[in-house]
Structure formats: structure tokens, C-alpha cells
Amino acid sequence: MSSSKHDHIKAEFLNPLLEQNLQQWKQICPSIQEIEIPDKHFLYRQGESCANLFWIKEGIVKLTYLTIQGNELTLALIKSGCVIGQLQHDCAKPIMQESAQALGKVSFYRIEYEDFRKLIYRWPEWSWAVFETMSNRQQQIERKLRTILTQPVGKRVVATLLDLAQLFGTRCKHGYSLEVFLTQQELADLVGASRSVVSTIMNEFRNRGLLDYTREQICINDAALINEQSFD
């Protein structure tokens with residue numbers, strides 16, 4: 001099982017735990033708030049001080065990093081069940097190292113750092129799943145950055161589409177239909193390449209039957225893409 005699929009399973013395990021224990025947790029941790037934000041709004045921005053953690057209830061959150069040159073790199077797409085934020089607490093309000101933005105409507109629980117610590121101490125049965133999910137995501141981001149540094153753009157597009165199929169895909173006649181639609185610019189930000197180059201590659205893949213896409217949907221022939229990924 002790939003780490004991205006494993007991370008998704010852990011996330012699905014976490015949300016029912018929160019829902020089952022929410023009222024009890026609110027009594028112990030009064031800072032827990034359920035919040036809903038529309039598309040493109042931010043949970044937090046890079047460079048901001050923030051002493052909260054965020055438990056995604058519904059929707060998809062995009063984590064991005066803005067370079068000194070002004071280029072935006074999409075680090076990961078976060079699905080419901082995941083916890084994001086900064087666990088290091090060496091100051092009153094740690095500085096966020098990335099931005100978290102809603103991709104479509106998103107609802108989440110915001111929990112102050114000290115209250116989150118109480119949950120970890122009081123409910124150890126789910127604390128390991130939280131840490132494992134966050135660790136897996138960090139490893140996924142590190143692998144992504146290594147791929148950007150070492151692989152040509154075509155290989156990066158293939159690897160990204162396969163990851164998206166595992167995290168957001170449902171079975172269709174082509175292989176997988178992505179539950180989340182990304183513009184070519186958003187896909188380019190994920191891959192770490194220009195939109196024009198990614199557009200050319202996507203058109204080539206569609207002509208070869210590796211995928212199909214419209215303005216609303218991307219369908220991936222995962223078997224063909226896996227074969228493409230292994231071909232040198």
C-alpha cells in the first residue's frame with residue numbers, strides 16, 4: 001500500500017473519532033470551534049502567527065509555499081480527516097511556514113494548541129493516528145520536492161496524477177475520475193512547472209489515451225500511467 005493511500009485510510013479513521021467524542025471534548029477543550037469557509041479563503045497564511053491546529057471535517061485544503069522569487073508551490077492537497085498546523089510550540093504563536101487555502105467549500109474544527117495537547121494526553125488511542133498521518137504527509141511533501149529536483153516534468157505529471165487518483169479518485173470507465181477538479185495552473189503548481197508546459201503534456205497524454213479531461217472533470221487511465229511511469 002502506498003503512503004498516500006495509507007494516509008487517506010488514517011484520515012478516514014480520525015473523523016469518526018472526533019464526531020463521536022466532540023461534545024465531551026468541547027467540555028474539556030472549550031477552544032474547539034467548527035468553522036466553514038468558502039472557496040479560496042484561507043485557514044492561515046504563510047508568515048502569520050498562529051497557535052491553532054485545524055482538523056478538516058469536509059472539503060479539500062491546498063497547502064502552498066511562496067518562494068522568495070514570488071513563485072507559488074503547491075505542497076499538498078489535504079482531504080477531510082487530516083490535521084494541519086504547527087506542532088512545534090517554542091513560542092507563544094509560531095510562524096506558519098506555508099499557507100492553507102480552501103479548494104471549494106471547507107468546514108473544519110479549529111483547536112488551540114494547548115487544548116490539542118489535552119486531547120493527545122487524554123485520548124492516546126487516536127493520538128498515534130494523528131501523528132502518523134502528519135508524518136506521512138511530511139514524507140510525501142519531501143518525496144515530492146525530491147521528484148521536482150530530479151525528474152523531468154512529464155514524469156512529475158504522471159506521479160502527481162497517480163497520487164491524486166489514490167487520494168481523490170473514484171472508479172470510472174477510464175480508470176479513476178478525480179473528485180477534485182484542478183485547473184491546469186493548479187496542476188502546474190502541484191508539479192512545479194509552468195502552465196504552458198503542463199498543458200502541452202496533458203494534451204499529449206489525452207491524445208495517447210492516458211487520460212481524458214473536460215472543464216469539470218479529469219479521468220485517469222491509471223494502468224496506462226503506471227506503465228508510462230515505469231518506462232525509461
# chains A, B, ... in the order shown; residues from 1 in each chain; ligands from 1
>>> residues_around(residues="segment 185-190 of chain A", least_positions_apart="6", cutoff="6 Å", atoms="only C-alpha atoms", output="list in words")
Leu73, Thr74 and Val198 of chain A
>>> residues_around(residues="Met96 of chain A", least_positions_apart="4", cutoff="8 Å", atoms="only C-alpha atoms", output="PDB file with N, CA and C atoms, in the first residue's frame")
ATOM      1  N   TYR A  44      -5.084  29.780   7.213  1.00  0.00           N
ATOM      2  CA  TYR A  44      -3.979  30.599   7.699  1.00  0.00           C
ATOM      3  C   TYR A  44      -3.055  30.877   6.523  1.00  0.00           C
ATOM      4  N   ARG A  45      -2.219  31.895   6.675  1.00  0.00           N
ATOM      5  CA  ARG A  45      -1.304  32.300   5.611  1.00  0.00           C
ATOM      6  C   ARG A  45       0.144  32.144   6.062  1.00  0.00           C
ATOM      7  N   GLN A  46       0.979  31.879   5.106  1.00  0.00           N
ATOM      8  CA  GLN A  46       2.417  31.790   5.352  1.00  0.00           C
ATOM      9  C   GLN A  46       2.923  33.090   5.978  1.00  0.00           C
ATOM     10  N   GLY A  47       3.712  32.956   7.051  1.00  0.00           N
ATOM     11  CA  GLY A  47       4.263  34.129   7.719  1.00  0.00           C
ATOM     12  C   GLY A  47       3.419  34.652   8.857  1.00  0.00           C
ATOM     13  N   GLU A  48       2.167  34.165   8.979  1.00  0.00           N
ATOM     14  CA  GLU A  48       1.307  34.598  10.075  1.00  0.00           C
ATOM     15  C   GLU A  48       1.663  33.866  11.369  1.00  0.00           C
ATOM     16  N   SER A  49       1.385  34.525  12.506  1.00  0.00           N
ATOM     17  CA  SER A  49       1.475  33.857  13.799  1.00  0.00           C
ATOM     18  C   SER A  49       0.181  33.094  14.041  1.00  0.00           C
ATOM     19  N   CYS A  50       0.297  31.862  14.483  1.00  0.00           N
ATOM     20  CA  CYS A  50      -0.902  31.039  14.667  1.00  0.00           C
ATOM     21  C   CYS A  50      -0.630  29.959  15.700  1.00  0.00           C
ATOM     22  N   GLY A  85      -1.390  22.226  10.714  1.00  0.00           N
ATOM     23  CA  GLY A  85      -0.945  23.239  11.657  1.00  0.00           C
ATOM     24  C   GLY A  85       0.454  22.899  12.116  1.00  0.00           C
ATOM     25  N   GLN A  86       0.947  23.656  13.072  1.00  0.00           N
ATOM     26  CA  GLN A  86       2.328  23.513  13.515  1.00  0.00           C
ATOM     27  C   GLN A  86       2.360  22.981  14.929  1.00  0.00           C
TER      28      GLN A  86
END
>>> residues_around(residues="Cys82 of chain A", least_positions_apart="2", cutoff="7 Å", atoms="only C-alpha atoms", output="CSV table (one decimal) with N, CA, C and O atoms, in the first residue's frame")
chain,number,residue,atom,x,y,z
A,11,ALA,N,-6.8,9.1,7.8
A,11,ALA,CA,-7.7,10.3,7.9
A,11,ALA,C,-9.1,9.8,8.0
A,11,ALA,O,-9.9,10.4,8.8
A,55,TRP,N,-8.5,20.7,12.2
A,55,TRP,CA,-9.0,19.4,11.9
A,55,TRP,C,-10.0,19.5,10.7
A,55,TRP,O,-11.1,20.0,10.9
A,56,ILE,N,-9.7,19.0,9.5
A,56,ILE,CA,-10.5,19.2,8.4
A,56,ILE,C,-11.7,18.2,8.5
A,56,ILE,O,-11.6,17.0,8.5
A,78,ILE,N,-5.0,18.4,1.0
A,78,ILE,CA,-5.4,17.8,2.2
A,78,ILE,C,-6.9,17.5,2.2
A,78,ILE,O,-7.7,18.4,2.0
A,79,LYS,N,-7.3,16.3,2.5
A,79,LYS,CA,-8.7,15.8,2.5
A,79,LYS,C,-9.2,15.8,3.9
A,79,LYS,O,-8.5,16.0,4.9
A,80,SER,N,-10.6,15.6,4.0
A,80,SER,CA,-11.2,15.5,5.3
A,80,SER,C,-10.6,14.4,6.2
A,80,SER,O,-10.2,13.4,5.7
A,84,ILE,N,-3.9,19.7,10.3
A,84,ILE,CA,-2.8,20.5,9.8
A,84,ILE,C,-2.6,21.7,10.8
A,84,ILE,O,-3.4,22.0,11.7
>>> closest_residue(among="A:Ile111, A:Ile95, A:Leu178, A:Leu66", to="Asp212 of chain A", atoms="only C-alpha atoms")
A:Leu178
>>> closest_residue(among="A:Val191, A:Ile218, A:Leu77, A:Leu211", to="Gly169 of chain A", atoms="only C-alpha atoms")
A:Ile218
>>> select_by_dssp(residues="segment 5-228 of chain A", states="helix (DSSP H, G or I)", output="number ranges by chain")
A: 5-28, 113-122, 124-150, 153-168, 184-191, 195-207, 222-228
